[in-house]
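Take a look at the structure below.
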Amino acid sequence: MATGFEGKTIIITGASEGIGRALALDLAGQRARLALAARSADRLEELARDCEARGAEAITVTCDVSAEADCQRLVEETVARFGALDALVANAGRTMWSEFEALEDLRVIEQVMAVNYFGAVYCIRAALPHLRRSGGRLAAIASVAGLTGVPARSGYCASKHALIGFCDSLRIELADSDVSVTVVAPDFVVSEIHRRALGSDGQPLGQSPMQEDKIMTAERCAELIVDAMAKRRRLLVTSARGRLGRWLKLIAPGLIDRIARKAIEERR
């Protein structure tokens, strides 16, 4: 894997668990300077200690990315501590598991959009002036669900489609700068996000609906993301199924619909 993040200041949102935590530990091994952001102060402090044990400098910032003021404060505290910002990983996310017609409360979709889309937009807005100065990197963790439709996850898909469209537009706007925009589209990954998925009643499921022994680990996903960031790649799709699906959707969209339905029915 490519390296090159020693001494670089990197913000990771949603850092307390799953892909975010795995990213922090991977980058800590490269002696990066990390700003770890999430809502759980206790988990962040534990993670910061683990990162420091691997050679990183780390600060924690408790924040809710769906609040614009929190995102601005996250960037300000990071720059105040480290003097610069070299990369932002917009990773914080929320998901749902319910067919649209079964939703009892449409605020489920609002909550998912608030974190997955607006949470990324707020952080990016605050970070961009600093990333322009450093010629830095922006990585947005989207999903293969942002490339196609997936049943029982309509609100989640919508948020990730929006994030990808936003990043593709932003990349063009930043063409005169040295800032790179990497969109990451993971397939299913072992993560606590599935246990916290909102059901039709708006409450967390409490258990993962996935067959987690059959899907990618967060650690492997993090390795791929760090490599893509280092190489300033435009798009990373983490599975062969996802890469194939992008092209099949153009020539056989009905087939992709059937594959997506089967994947959800089998929970993998």
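Letters A, B, ... go to the chains of the structure tokens in the order shown; residues in each chain start at 1; ligands are counted from 1 in the same order.
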
| query | Can you list, as an NGL selection string, every protein, DNA or RNA residue that comes within 6 Å of region 83-92 of chain A when you count only C-alpha atoms, leaving out same-chain residues fewer than 3 positions away? | reply | :A and (8-14 or 79-80 or 120 or 130-131 or 134 or 136-141)

| message | Based on the backbone DSSP call, show me all residues of region 36-140 of chain A assigned alpha helix (DSSP H), as a count of residues only. | response | 51

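Reported to one decimal place, the separation of CA of Leu36 (chain A) from CA of Ala158 (chain A) is 26.6 Å.
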
| task | Compare A:Leu106, A:Leu198, A:Leu44, A:Leu128 by their minimum atom-to-atom distance to Ser177 (chain A), counting only C-alpha atoms, and give me the closest one. | result | A:Leu128

| Where does DSSP see strand (DSSP E or B) in region 49-140 of chain A, if you list the residues as a list in words? | Glu57, Ala58, Ile59, Thr60, Val61, Thr62, Ala87, Leu88, Val89, Ala90, Met96, Arg137, Leu138, Ala139 and Ala140 of chain A
